[in-house]
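J.: Got a structure here, written out as structure tokens. Questions coming.
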Amino acid sequence: MRKSDRRLHPASHLVRRILSGVIVAEAALLLVYLAGVFGTYDLGYALSLLPPRGRALTTGLLTTLGFMAVVIPLGFSLGFAFGWARTSTAWPARAVATTYVEFFRGMPPIVLIAFAFLITIVLLKGNDRIDLFAFATGAGVMALAAHSGAYQAEIIRAGILSVPTGQVEAGEAIGMSKGTILTRITLPQMFRISLPALGNEFASLIKDTSLLSTIGALDLTFQGKNLSSVLITGGGSLDLVIIMWVEIAVLYFVITFVVSRSLLAIERRFRVPGLEAAQL
Amino acid sequence: MDPRTTLEDLWDALEESPFHRTAIAILSLFAFAVVLIMALAGAHLISLPFMADNASFLLVPALTSLGATIISFSLGIFGAIPMGLVRSFGPRLLKQGRLRAALAAPLYGGVTSYVEAIRGTPALVQVFLVAQVSTIIFPGNPDIPFWGGVLALTLNTLGYQSEVFRAGFQSVNQAQIEAAKAIGMRPRQAFAYVTLPQGIRLITLPLVNEWVALFKASALLGLVAVPELNWAAGYLGSGSARGRPIEAFIMVSAVYRAIIIPLSKAVGDGERTHRIPGLGTPEPGRGRRAGVRRLVPAR
Amino acid sequence: MITGVNLHKWFGELHVLKGVSLEVAKGETLVIIGPSGSGKSTLLRCINLLVQPDEGDVIIDGVKVNDPKIRPEWVRQQVGMVFQSFNLFTHLTALHNVMIGLTKVKRLPKAEAERIARFELERVGLADKADAYPAQLSGGQQQRVAIARALALNPKAMLFDEPTSALDPEYIREVLDVMTKLADEGMTMVVVTHEMGFAHNVADRVLFMADGVVVEEGAPEEVFERPQKNRTKAFVAKILG
């Protein structure tokens, strides 16, 4: 006679998630300790880097958060606009939107960012009235936002197509105005369906802000490059380099973790039983 | 034979074939690009001879990118399959009593934390970490940047591919497993004859998407002294004397897209659904108006 | 031939089966009716050990099959099962669906397995659909293939878990016809169903279950026309209108 099946307690999901986070933190610390095997394990150094004491990483963290605050809304606006256009009944809108999506999806984001930067410089060179660097960085940020927007457009499009057509007709039948149907019927359902995928895309976008370091933005990754080149030319201490990068990685992890969790909470708050995206 | 009828027949045949929308999309984008380039060249904004002269410069770096991607991806598959198995069957083992749980927990915990760490951190940071550590351990070795980069890419793709395999194993309809048991199959048999064949079908699309994502990530290697495509394009595009970024961008776009677009379209417009399979776009059907939706009533 | 003795089953806190006993003689058709959540499907799954009873015994042909020494796989070869959602293997043709039990479980050579499989498909009236994939078949055809798949293993008894509940009305008839034919041929059957016509015409005995206990059992006429317990009366009234 076997033990009866035990249904998994709902809280244990959260417990397992927290456990994973703790395990990751422990793994990071383990890595740092192993770094000590190669050299001298410098806990003092490790702690001195962390915000808010460590100036480099603090600047980096704040810069990264700043870029996030700009790029996420920008990307979402682009994604929403073009996603809607992709499902429009007017074929010119569809054509433009499709071109946009295909253009920004078929390339590595780093290439898009780097060349947005370079091309802006070439185009605007010689114009002494404007801050060339700022413009070029802005172009890089736009490229990143456009890249993410292309993926978000596809997600939004899928969300729109998942809303059953009958709903619009039902709204018409009871005499709702166009605007009411849009805001009260289509969009709420579309957002609920798209939210998980959008959350994933936001997480990717946050990680991709690290690419801005290549065009000179003083974000977390840039600080890492800076610090590591100082460390390497100053004698190549392996453990310190590892410590530093692991800390930067942990900071990124914390940011993405917090954002994902928040979105998950929002998703749960608005969940309607039975309304799910393409089920597999 | 009336030429017009033949043309109509051809058009009908084209419309009915499953590839017609894809083919038209690719062809029209290509035509658009060519026209744009010609116009720009005509207006003396870009230089065609520059592109022609330097095209061959991109060849070896392109192969380097491809090579790095293929090597990392293949290595990744070997690790990702067992990791996917651990991740999908782990929770079940954890429920099955203390001995099995004790054995399974560290393994499951280890794999899970690895995957979460990889997915939660930027690939660029991973590349920098691994490449710099490699250069410090083996200083002066000219091959190290490439192989350090390959290692970084492998570790990265391991994390994502294991999720593909996990979802594949878990997505097989549990009811079919029940049916397999009902006709007397042992759990191992049910796995081999039901879960596995169906799982393979389920993972093909996300795996190709992951390959494309890895190929895009290989561009990061150019930042750690690997002479690959992104670096080569940057070389052509910068530097005050020789730098012509617009032409360089056109060329490098062409190469990347030539590889990426056919692959993506081959698996039906793979969404980069954020490297988590199972959340695919519902394909609404093949009619011309199928992908179009009236958000708001007409009139 | 099939005996269930005082079966209990808990799922977490939920006490699904509360001391259920049943008895099915060889060649008999037992139909189990009752509201949803009464434990009918769980009871059925205890017989072929897809669910392990927490207390009580299941005896098939004199063998106590829930004994830990007995392999569940062997038990499932003695008793076939047909599911509400057919559960055909979607990556195999109809023929291969029927054959796979024979080749992989009974280890028969392919030629003989194919012979038996084609015979069973013929028996359910689908000989011409042998090479079709489940996705190409209608619901009724899929269910009949599922029946053939179960029959191919030559079981001593057949269990049916609401076999027609997921079918469009036009396909219910063909599946019930196959089941009636099986009953006439002398197969021992335990059927959970809402099809009262089938219960009335084909069943030898009817068992009414509610809230995890057997409320009443007897011949179909007795249970439907002269129910003894109030619970049964209420349920029968609702079903028969």
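Just remember, in the structure tokens the first chain shown is A, the second B, etc., residues are 1-based per chain, and ligands are 1-based in the order shown.
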Among region 145-222 of chain B, which ones does DSSP place in alpha helix (DSSP H), written as number ranges by chain?
T.: B: 145-171, 174-182, 187-190, 196-217
J.: Would you write out, as a tab-separated table, a table of all residues in chain C that have an atom no more than 7 Å from an atom of chain B, listing for each the closest atom pair and the distance in Å to one decimal, considering only C-alpha atoms and ordering rows by chain and rising residue number?
T.:
```
residue	atom	partner	partner_atom	distance
C:Glu73	CA	B:Gly184	CA	4.3
C:Trp74	CA	B:Gly184	CA	6.5
C:Arg76	CA	B:Gly184	CA	5.0
C:Gln77	CA	B:Gly184	CA	5.5
C:Gly80	CA	B:Ile183	CA	6.7
C:Met81	CA	B:Ala182	CA	6.2
C:Asn87	CA	B:Gln176	CA	5.1
C:Leu88	CA	B:Gln176	CA	6.7
C:Phe89	CA	B:Gln176	CA	6.3
C:His91	CA	B:Gln198	CA	6.6
C:Gly101	CA	B:Ile183	CA	6.1
C:Val105	CA	B:Met185	CA	5.9
C:Ala150	CA	B:Ile183	CA	6.6
```
J.: Counting only C-alpha atoms, which residues of chain A come no farther than 7 Å from chain B, as a VMD selection string?
T.: chain A and resid 20 23 to 24 87 to 89 106 to 108 111 115 118 to 119 158 161 168 178 181 to 182 186 197 200 to 201 207 to 208 210 221 236 238 242 245 249 252 to 253 256 278 280
J.: What's around region 47-57 of chain C at 9 Å? Count only C-alpha atoms, leave out sequence neighbours fewer than 2 positions away in its own chain, and write the answer as a JSON list (two decimals) with all heavy atoms, in the first residue's frame.
T.:
```json
[["chain", "number", "residue", "atom", "x", "y", "z"],
["A", 1, "MET", "N", 0.85, -1.19, 0.00],
["A", 1, "MET", "CA", 0.00, 0.00, 0.00],
["A", 1, "MET", "C", 0.88, 1.24, 0.00],
["A", 1, "MET", "O", 1.70, 1.43, 0.88],
["A", 1, "MET", "CB", -0.86, -0.05, 1.27],
["A", 1, "MET", "CG", -2.01, 0.90, 1.24],
["A", 1, "MET", "SD", -3.18, 0.51, 2.56],
["A", 1, "MET", "CE", -2.28, 1.08, 4.00],
["A", 2, "ARG", "N", 0.73, 2.04, -0.99],
["A", 2, "ARG", "CA", 1.60, 3.23, -1.10],
["A", 2, "ARG", "C", 1.01, 4.42, -0.37],
["A", 2, "ARG", "O", -0.17, 4.48, -0.10],
["A", 2, "ARG", "CB", 1.76, 3.59, -2.57],
["A", 2, "ARG", "CG", 3.07, 3.13, -3.13],
["A", 2, "ARG", "CD", 3.24, 3.60, -4.54],
["A", 2, "ARG", "NE", 3.50, 2.48, -5.41],
["A", 2, "ARG", "CZ", 3.30, 2.51, -6.72],
["A", 2, "ARG", "NH1", 2.81, 3.58, -7.28],
["A", 2, "ARG", "NH2", 3.58, 1.47, -7.47],
["A", 3, "LYS", "N", 1.88, 5.38, -0.11],
["A", 3, "LYS", "CA", 1.41, 6.62, 0.51],
["A", 3, "LYS", "C", 0.46, 7.32, -0.46],
["A", 3, "LYS", "O", 0.69, 7.31, -1.66],
["A", 3, "LYS", "CB", 2.59, 7.53, 0.80],
["A", 3, "LYS", "CG", 2.81, 7.75, 2.28],
["A", 3, "LYS", "CD", 4.00, 8.57, 2.63],
["A", 3, "LYS", "CE", 4.67, 9.32, 1.52],
["A", 3, "LYS", "NZ", 5.68, 10.23, 2.07],
["A", 4, "SER", "N", -0.54, 7.97, 0.08],
["A", 4, "SER", "CA", -1.45, 8.67, -0.83],
["A", 4, "SER", "C", -0.75, 9.85, -1.47],
["A", 4, "SER", "O", 0.17, 10.43, -0.89],
["A", 4, "SER", "CB", -2.68, 9.14, -0.05],
["A", 4, "SER", "OG", -2.27, 9.76, 1.15],
["B", 178, "GLU", "N", -0.84, 8.30, -19.68],
["B", 178, "GLU", "CA", -1.78, 7.45, -18.96],
["B", 178, "GLU", "C", -2.24, 6.30, -19.85],
["B", 178, "GLU", "O", -2.34, 5.16, -19.42],
["B", 178, "GLU", "CB", -2.98, 8.29, -18.51],
["B", 178, "GLU", "CG", -3.74, 7.65, -17.37],
["B", 178, "GLU", "CD", -4.92, 8.50, -16.92],
["B", 178, "GLU", "OE1", -5.48, 9.22, -17.75],
["B", 178, "GLU", "OE2", -5.27, 8.41, -15.74],
["B", 181, "LYS", "N", 0.42, 3.72, -20.05],
["B", 181, "LYS", "CA", 0.43, 2.86, -18.87],
["B", 181, "LYS", "C", -0.72, 1.88, -18.91],
["B", 181, "LYS", "O", -0.57, 0.72, -18.52],
["B", 181, "LYS", "CB", 0.33, 3.72, -17.60],
["B", 181, "LYS", "CG", 1.62, 4.47, -17.28],
["B", 181, "LYS", "CD", 1.70, 4.83, -15.81],
["B", 181, "LYS", "CE", 1.02, 6.16, -15.56],
["B", 181, "LYS", "NZ", 1.20, 6.62, -14.18],
["B", 182, "ALA", "N", -1.86, 2.33, -19.41],
["B", 182, "ALA", "CA", -3.06, 1.49, -19.41],
["B", 182, "ALA", "C", -2.91, 0.28, -20.31],
["B", 182, "ALA", "O", -3.57, -0.72, -20.12],
["B", 182, "ALA", "CB", -4.28, 2.30, -19.81],
["C", 2, "ILE", "N", -14.18, -9.71, -11.17],
["C", 2, "ILE", "CA", -13.50, -8.54, -10.61],
["C", 2, "ILE", "C", -14.18, -8.22, -9.29],
["C", 2, "ILE", "O", -15.40, -8.06, -9.25],
["C", 2, "ILE", "CB", -13.60, -7.31, -11.52],
["C", 2, "ILE", "CG1", -12.96, -7.58, -12.87],
["C", 2, "ILE", "CG2", -12.94, -6.10, -10.86],
["C", 2, "ILE", "CD1", -13.04, -6.39, -13.82],
["C", 3, "THR", "N", -13.39, -8.15, -8.24],
["C", 3, "THR", "CA", -13.97, -7.81, -6.94],
["C", 3, "THR", "C", -13.21, -6.66, -6.32],
["C", 3, "THR", "O", -11.98, -6.68, -6.26],
["C", 3, "THR", "CB", -13.89, -9.01, -5.98],
["C", 3, "THR", "OG1", -14.34, -10.18, -6.66],
["C", 3, "THR", "CG2", -14.76, -8.78, -4.76],
["C", 4, "GLY", "N", -13.93, -5.66, -5.88],
["C", 4, "GLY", "CA", -13.31, -4.58, -5.13],
["C", 4, "GLY", "C", -13.81, -4.67, -3.71],
["C", 4, "GLY", "O", -15.02, -4.77, -3.49],
["C", 5, "VAL", "N", -12.90, -4.68, -2.74],
["C", 5, "VAL", "CA", -13.31, -4.87, -1.36],
["C", 5, "VAL", "C", -12.95, -3.64, -0.53],
["C", 5, "VAL", "O", -11.78, -3.34, -0.33],
["C", 5, "VAL", "CB", -12.61, -6.10, -0.73],
["C", 5, "VAL", "CG1", -13.05, -6.27, 0.72],
["C", 5, "VAL", "CG2", -12.90, -7.34, -1.54],
["C", 6, "ASN", "N", -13.95, -2.91, -0.10],
["C", 6, "ASN", "CA", -13.77, -1.81, 0.86],
["C", 6, "ASN", "C", -12.65, -0.86, 0.45],
["C", 6, "ASN", "O", -11.71, -0.61, 1.20],
["C", 6, "ASN", "CB", -13.46, -2.40, 2.25],
["C", 6, "ASN", "CG", -13.61, -1.37, 3.33],
["C", 6, "ASN", "OD1", -14.36, -0.41, 3.17],
["C", 6, "ASN", "ND2", -12.87, -1.53, 4.42],
["C", 7, "LEU", "N", -12.76, -0.31, -0.76],
["C", 7, "LEU", "CA", -11.70, 0.54, -1.27],
["C", 7, "LEU", "C", -11.80, 1.97, -0.74],
["C", 7, "LEU", "O", -12.85, 2.58, -0.75],
["C", 7, "LEU", "CB", -11.78, 0.56, -2.81],
["C", 7, "LEU", "CG", -11.50, -0.78, -3.47],
["C", 7, "LEU", "CD1", -11.92, -0.76, -4.93],
["C", 7, "LEU", "CD2", -10.03, -1.13, -3.35],
["C", 8, "HIS", "N", -10.63, 2.46, -0.24],
["C", 8, "HIS", "CA", -10.53, 3.84, 0.21],
["C", 8, "HIS", "C", -9.44, 4.54, -0.57],
["C", 8, "HIS", "O", -8.41, 3.93, -0.86],
["C", 8, "HIS", "CB", -10.17, 3.91, 1.70],
["C", 8, "HIS", "CG", -11.28, 3.58, 2.62],
["C", 8, "HIS", "ND1", -12.10, 4.54, 3.18],
["C", 8, "HIS", "CD2", -11.72, 2.39, 3.09],
["C", 8, "HIS", "CE1", -12.99, 3.95, 3.96],
["C", 8, "HIS", "NE2", -12.78, 2.65, 3.93],
["C", 9, "LYS", "N", -9.65, 5.84, -0.86],
["C", 9, "LYS", "CA", -8.60, 6.61, -1.53],
["C", 9, "LYS", "C", -8.68, 8.06, -1.09],
["C", 9, "LYS", "O", -9.77, 8.65, -1.08],
["C", 9, "LYS", "CB", -8.77, 6.53, -3.06],
["C", 9, "LYS", "CG", -7.72, 7.28, -3.84],
["C", 9, "LYS", "CD", -6.35, 6.63, -3.72],
["C", 9, "LYS", "CE", -5.26, 7.55, -4.22],
["C", 9, "LYS", "NZ", -3.92, 7.05, -3.90],
["C", 10, "TRP", "N", -7.51, 8.60, -0.70],
["C", 10, "TRP", "CA", -7.46, 10.03, -0.36],
["C", 10, "TRP", "C", -6.59, 10.74, -1.39],
["C", 10, "TRP", "O", -5.54, 10.24, -1.76],
["C", 10, "TRP", "CB", -6.80, 10.24, 1.00],
["C", 10, "TRP", "CG", -7.66, 9.97, 2.17],
["C", 10, "TRP", "CD1", -8.41, 10.87, 2.87],
["C", 10, "TRP", "CD2", -7.86, 8.70, 2.81],
["C", 10, "TRP", "NE1", -9.06, 10.25, 3.90],
["C", 10, "TRP", "CE2", -8.74, 8.91, 3.89],
["C", 10, "TRP", "CE3", -7.38, 7.41, 2.58],
["C", 10, "TRP", "CZ2", -9.16, 7.90, 4.74],
["C", 10, "TRP", "CZ3", -7.80, 6.39, 3.41],
["C", 10, "TRP", "CH2", -8.68, 6.64, 4.48],
["C", 17, "LEU", "N", -12.74, 7.99, -2.19],
["C", 17, "LEU", "CA", -13.46, 6.71, -2.12],
["C", 17, "LEU", "C", -13.59, 6.32, -0.65],
["C", 17, "LEU", "O", -12.59, 6.22, 0.06],
["C", 17, "LEU", "CB", -12.69, 5.61, -2.87],
["C", 17, "LEU", "CG", -12.62, 5.73, -4.39],
["C", 17, "LEU", "CD1", -11.82, 4.57, -4.97],
["C", 17, "LEU", "CD2", -14.01, 5.74, -5.00],
["C", 19, "GLY", "N", -14.71, 3.51, 1.17],
["C", 19, "GLY", "CA", -15.12, 2.13, 1.46],
["C", 19, "GLY", "C", -16.06, 1.56, 0.42],
["C", 19, "GLY", "O", -17.15, 1.11, 0.72],
["C", 20, "VAL", "N", -15.62, 1.60, -0.84],
["C", 20, "VAL", "CA", -16.46, 1.13, -1.95],
["C", 20, "VAL", "C", -16.17, -0.35, -2.20],
["C", 20, "VAL", "O", -15.03, -0.76, -2.29],
["C", 20, "VAL", "CB", -16.17, 1.96, -3.21],
["C", 20, "VAL", "CG1", -16.92, 1.40, -4.39],
["C", 20, "VAL", "CG2", -16.52, 3.42, -2.98],
["C", 21, "SER", "N", -17.21, -1.11, -2.34],
["C", 21, "SER", "CA", -17.04, -2.51, -2.74],
["C", 21, "SER", "C", -17.86, -2.76, -3.99],
["C", 21, "SER", "O", -18.96, -2.24, -4.13],
["C", 21, "SER", "CB", -17.52, -3.44, -1.62],
["C", 21, "SER", "OG", -16.75, -3.26, -0.48],
["C", 42, "THR", "N", -12.21, 7.44, -10.32],
["C", 42, "THR", "CA", -11.18, 6.95, -9.42],
["C", 42, "THR", "C", -11.38, 5.46, -9.16],
["C", 42, "THR", "O", -10.42, 4.68, -9.17],
["C", 42, "THR", "CB", -11.23, 7.72, -8.09],
["C", 42, "THR", "OG1", -11.29, 9.12, -8.36],
["C", 42, "THR", "CG2", -10.01, 7.42, -7.25],
["C", 43, "LEU", "N", -12.62, 5.06, -8.96],
["C", 43, "LEU", "CA", -12.91, 3.64, -8.73],
["C", 43, "LEU", "C", -12.44, 2.81, -9.91],
["C", 43, "LEU", "O", -11.76, 1.78, -9.75],
["C", 43, "LEU", "CB", -14.41, 3.46, -8.51],
["C", 43, "LEU", "CG", -14.89, 2.02, -8.34],
["C", 43, "LEU", "CD1", -14.24, 1.40, -7.11],
["C", 43, "LEU", "CD2", -16.41, 1.98, -8.20],
["C", 44, "LEU", "N", -12.76, 3.28, -11.09],
["C", 44, "LEU", "CA", -12.36, 2.55, -12.30],
["C", 44, "LEU", "C", -10.84, 2.42, -12.37],
["C", 44, "LEU", "O", -10.31, 1.36, -12.68],
["C", 44, "LEU", "CB", -12.88, 3.32, -13.51],
["C", 44, "LEU", "CG", -13.30, 2.50, -14.71],
["C", 44, "LEU", "CD1", -14.45, 1.60, -14.36],
["C", 44, "LEU", "CD2", -13.70, 3.42, -15.86],
["C", 45, "ARG", "N", -10.14, 3.51, -12.05],
["C", 45, "ARG", "CA", -8.70, 3.50, -12.15],
["C", 45, "ARG", "C", -8.05, 2.65, -11.06],
["C", 45, "ARG", "O", -6.88, 2.28, -11.17],
["C", 45, "ARG", "CB", -8.15, 4.92, -12.11],
["C", 45, "ARG", "CG", -8.21, 5.61, -13.45],
["C", 45, "ARG", "CD", -7.89, 7.10, -13.33],
["C", 45, "ARG", "NE", -7.74, 7.70, -14.63],
["C", 45, "ARG", "CZ", -8.73, 7.96, -15.46],
["C", 45, "ARG", "NH1", -9.96, 7.64, -15.12],
["C", 45, "ARG", "NH2", -8.50, 8.50, -16.64],
["C", 59, "ILE", "N", -9.40, -7.62, -6.46],
["C", 59, "ILE", "CA", -9.12, -9.01, -6.81],
["C", 59, "ILE", "C", -9.62, -9.28, -8.21],
["C", 59, "ILE", "O", -10.81, -9.10, -8.49],
["C", 59, "ILE", "CB", -9.79, -9.96, -5.80],
["C", 59, "ILE", "CG1", -9.27, -9.65, -4.40],
["C", 59, "ILE", "CG2", -9.51, -11.41, -6.17],
["C", 59, "ILE", "CD1", -10.08, -10.27, -3.31],
["C", 60, "ILE", "N", -8.74, -9.69, -9.09],
["C", 60, "ILE", "CA", -9.13, -9.98, -10.47],
["C", 60, "ILE", "C", -8.85, -11.45, -10.72],
["C", 60, "ILE", "O", -7.70, -11.89, -10.60],
["C", 60, "ILE", "CB", -8.36, -9.11, -11.47],
["C", 60, "ILE", "CG1", -8.68, -7.64, -11.22],
["C", 60, "ILE", "CG2", -8.72, -9.48, -12.90],
["C", 60, "ILE", "CD1", -7.97, -6.69, -12.15],
["C", 64, "LYS", "N", -5.02, -11.17, -5.95],
["C", 64, "LYS", "CA", -5.11, -9.86, -5.30],
["C", 64, "LYS", "C", -4.12, -8.92, -5.98],
["C", 64, "LYS", "O", -2.92, -8.96, -5.72],
["C", 64, "LYS", "CB", -4.78, -10.00, -3.82],
["C", 64, "LYS", "CG", -5.09, -8.72, -3.02],
["C", 64, "LYS", "CD", -4.83, -8.92, -1.53],
["C", 64, "LYS", "CE", -3.41, -8.43, -1.22],
["C", 64, "LYS", "NZ", -3.34, -7.77, 0.09],
["C", 65, "VAL", "N", -4.59, -8.07, -6.87],
["C", 65, "VAL", "CA", -3.68, -7.36, -7.77],
["C", 65, "VAL", "C", -3.04, -6.12, -7.14],
["C", 65, "VAL", "O", -2.07, -5.61, -7.68],
["C", 65, "VAL", "CB", -4.39, -6.97, -9.07],
["C", 65, "VAL", "CG1", -4.79, -8.19, -9.84],
["C", 65, "VAL", "CG2", -5.57, -6.08, -8.79],
["C", 66, "ASN", "N", -3.58, -5.64, -6.02],
["C", 66, "ASN", "CA", -2.90, -4.48, -5.46],
["C", 66, "ASN", "C", -1.80, -4.90, -4.50],
["C", 66, "ASN", "O", -1.24, -4.08, -3.80],
["C", 66, "ASN", "CB", -3.89, -3.53, -4.77],
["C", 66, "ASN", "CG", -4.68, -4.24, -3.68],
["C", 66, "ASN", "OD1", -5.20, -5.32, -3.90],
["C", 66, "ASN", "ND2", -4.77, -3.63, -2.51],
["C", 67, "ASP", "N", -1.48, -6.14, -4.48],
["C", 67, "ASP", "CA", -0.34, -6.64, -3.72],
["C", 67, "ASP", "C", 0.93, -6.02, -4.31],
["C", 67, "ASP", "O", 1.13, -6.07, -5.51],
["C", 67, "ASP", "CB", -0.30, -8.18, -3.87],
["C", 67, "ASP", "CG", 0.68, -8.81, -2.92],
["C", 67, "ASP", "OD1", 1.79, -8.26, -2.77],
["C", 67, "ASP", "OD2", 0.34, -9.85, -2.36],
["C", 72, "PRO", "N", 2.19, -3.77, -11.75],
["C", 72, "PRO", "CA", 0.99, -3.13, -12.31],
["C", 72, "PRO", "C", 0.87, -3.35, -13.81],
["C", 72, "PRO", "O", -0.22, -3.47, -14.36],
["C", 72, "PRO", "CB", 1.17, -1.65, -12.00],
["C", 72, "PRO", "CG", 2.26, -1.55, -11.01],
["C", 72, "PRO", "CD", 3.06, -2.79, -11.05],
["C", 73, "GLU", "N", 2.02, -3.41, -14.50],
["C", 73, "GLU", "CA", 1.97, -3.57, -15.96],
["C", 73, "GLU", "C", 1.27, -4.88, -16.32],
["C", 73, "GLU", "O", 0.52, -4.95, -17.30],
["C", 73, "GLU", "CB", 3.38, -3.57, -16.55],
["C", 73, "GLU", "CG", 4.08, -2.22, -16.50],
["C", 73, "GLU", "CD", 4.73, -1.95, -15.18],
["C", 73, "GLU", "OE1", 5.10, -2.94, -14.51],
["C", 73, "GLU", "OE2", 4.87, -0.78, -14.81],
["C", 75, "VAL", "N", -1.04, -6.40, -14.57],
["C", 75, "VAL", "CA", -2.46, -6.21, -14.31],
["C", 75, "VAL", "C", -3.14, -5.51, -15.49],
["C", 75, "VAL", "O", -4.23, -5.87, -15.92],
["C", 75, "VAL", "CB", -2.67, -5.36, -13.03],
["C", 75, "VAL", "CG1", -4.14, -5.10, -12.79],
["C", 75, "VAL", "CG2", -2.05, -6.06, -11.84],
["C", 76, "ARG", "N", -2.43, -4.51, -16.02],
["C", 76, "ARG", "CA", -3.06, -3.72, -17.08],
["C", 76, "ARG", "C", -3.17, -4.49, -18.38],
["C", 76, "ARG", "O", -3.91, -4.10, -19.28],
["C", 76, "ARG", "CB", -2.27, -2.43, -17.29],
["C", 76, "ARG", "CG", -2.37, -1.53, -16.08],
["C", 76, "ARG", "CD", -1.38, -0.39, -16.13],
["C", 76, "ARG", "NE", -1.28, 0.25, -14.82],
["C", 76, "ARG", "CZ", -0.20, 0.87, -14.40],
["C", 76, "ARG", "NH1", 0.88, 0.92, -15.16],
["C", 76, "ARG", "NH2", -0.20, 1.43, -13.20],
["C", 77, "GLN", "N", -2.41, -5.58, -18.50],
["C", 77, "GLN", "CA", -2.62, -6.42, -19.68],
["C", 77, "GLN", "C", -3.86, -7.29, -19.52],
["C", 77, "GLN", "O", -4.41, -7.77, -20.51],
["C", 77, "GLN", "CB", -1.40, -7.32, -19.91],
["C", 77, "GLN", "CG", -0.16, -6.56, -20.34],
["C", 77, "GLN", "CD", 1.03, -7.49, -20.50],
["C", 77, "GLN", "OE1", 0.91, -8.54, -21.10],
["C", 77, "GLN", "NE2", 2.17, -7.10, -19.94],
["C", 78, "GLN", "N", -4.25, -7.51, -18.27],
["C", 78, "GLN", "CA", -5.45, -8.34, -18.06],
["C", 78, "GLN", "C", -6.72, -7.52, -18.23],
["C", 78, "GLN", "O", -7.78, -8.09, -18.56],
["C", 78, "GLN", "CB", -5.44, -8.93, -16.63],
["C", 78, "GLN", "CG", -4.11, -9.48, -16.17],
["C", 78, "GLN", "CD", -3.64, -10.56, -17.10],
["C", 78, "GLN", "OE1", -4.40, -11.47, -17.44],
["C", 78, "GLN", "NE2", -2.39, -10.47, -17.51],
["C", 79, "VAL", "N", -6.61, -6.22, -17.96],
["C", 79, "VAL", "CA", -7.81, -5.38, -17.99],
["C", 79, "VAL", "C", -7.53, -4.18, -18.89],
["C", 79, "VAL", "O", -6.62, -3.41, -18.62],
["C", 79, "VAL", "CB", -8.14, -4.88, -16.56],
["C", 79, "VAL", "CG1", -9.32, -3.94, -16.60],
["C", 79, "VAL", "CG2", -8.43, -6.06, -15.65],
["C", 80, "GLY", "N", -8.32, -4.03, -19.96],
["C", 80, "GLY", "CA", -8.09, -2.92, -20.87],
["C", 80, "GLY", "C", -8.89, -1.70, -20.45],
["C", 80, "GLY", "O", -9.89, -1.80, -19.76],
["C", 81, "MET", "N", -8.44, -0.51, -20.88],
["C", 81, "MET", "CA", -9.14, 0.72, -20.51],
["C", 81, "MET", "C", -9.34, 1.64, -21.70],
["C", 81, "MET", "O", -8.44, 1.80, -22.53],
["C", 81, "MET", "CB", -8.35, 1.46, -19.44],
["C", 81, "MET", "CG", -9.10, 2.65, -18.90],
["C", 81, "MET", "SD", -8.45, 3.14, -17.31],
["C", 81, "MET", "CE", -9.81, 4.05, -16.65],
["C", 159, "LEU", "N", -12.54, -1.75, -19.19],
["C", 159, "LEU", "CA", -13.03, -0.62, -18.40],
["C", 159, "LEU", "C", -13.26, 0.56, -19.34],
["C", 159, "LEU", "O", -12.43, 0.87, -20.17],
["C", 159, "LEU", "CB", -12.00, -0.23, -17.34],
["C", 159, "LEU", "CG", -11.47, -1.35, -16.44],
["C", 159, "LEU", "CD1", -10.34, -0.83, -15.57],
["C", 159, "LEU", "CD2", -12.59, -1.91, -15.59]]
```
J.: Let me make sure I understand: among C:Glu112, C:Ile33, C:Pro68, C:Gly62, which one has the smallest atom-to-atom distance to chain A if we use only C-alpha atoms?
T.: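 Among C:Glu112, C:Ile33, C:Pro68, C:Gly62, it is C:Pro68 that comes nearest to chain A.
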J.: Just want the 8 Å neighbourhood of Met244 (chain A), counted on only C-alpha atoms, with same-chain residues fewer than 2 positions away dropped. Output as a list in words.
T.: Ala46, Leu49, Gly224, Ser228, Leu240, Val241, Ile242, Val246, Glu247 and Ile248 of chain A
J.: Tell me, in Å to one decimal, how far CA of Val215 (chain C) is from CA of Thr29 (chain C).
T.: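 A separation of 18.6 Å between them.
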J.: Between C:Ala183, C:Asp61, C:Lys69, C:Pro35, which has the minimum distance to chain A (counting only C-alpha atoms)?
T.: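 Smallest separation from chain A among the options: C:Lys69.
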J.: For CA of Val226 (chain B) and CA of Phe146 (chain B), determine how far apart the two atoms are, in Å to one decimal place.
T.: 5.6 Å
J.: Rounded to one decimal in Å, what is the spacing between CA of Ala68 (chain B) and CA of Pro227 (chain B)?
T.: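 Between CA of Ala68 (chain B) and CA of Pro227 (chain B) the gap works out to 11.1 Å.
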J.: Near region 196-202 of chain C, within 7 Å and counting only C-alpha atoms, which residues show up once chain neighbours fewer than 4 positions away are dropped, as a compact mmCIF listing (two decimals) with N, CA and C atoms, in the first residue's frame?
T.:
```txt
# COMPACT_ATOMS: atom_id res chain seq x y z
N VAL C 31 -22.66 -1.09 -15.19
CA VAL C 31 -22.62 0.34 -15.52
C VAL C 31 -22.64 1.14 -14.23
N THR C 180 -21.87 -2.29 -27.41
CA THR C 180 -22.96 -3.26 -27.31
C THR C 180 -22.54 -4.60 -27.89
N PRO C 220 -30.98 -2.85 -14.00
CA PRO C 220 -31.30 -1.51 -14.52
C PRO C 220 -32.74 -1.09 -14.23
```
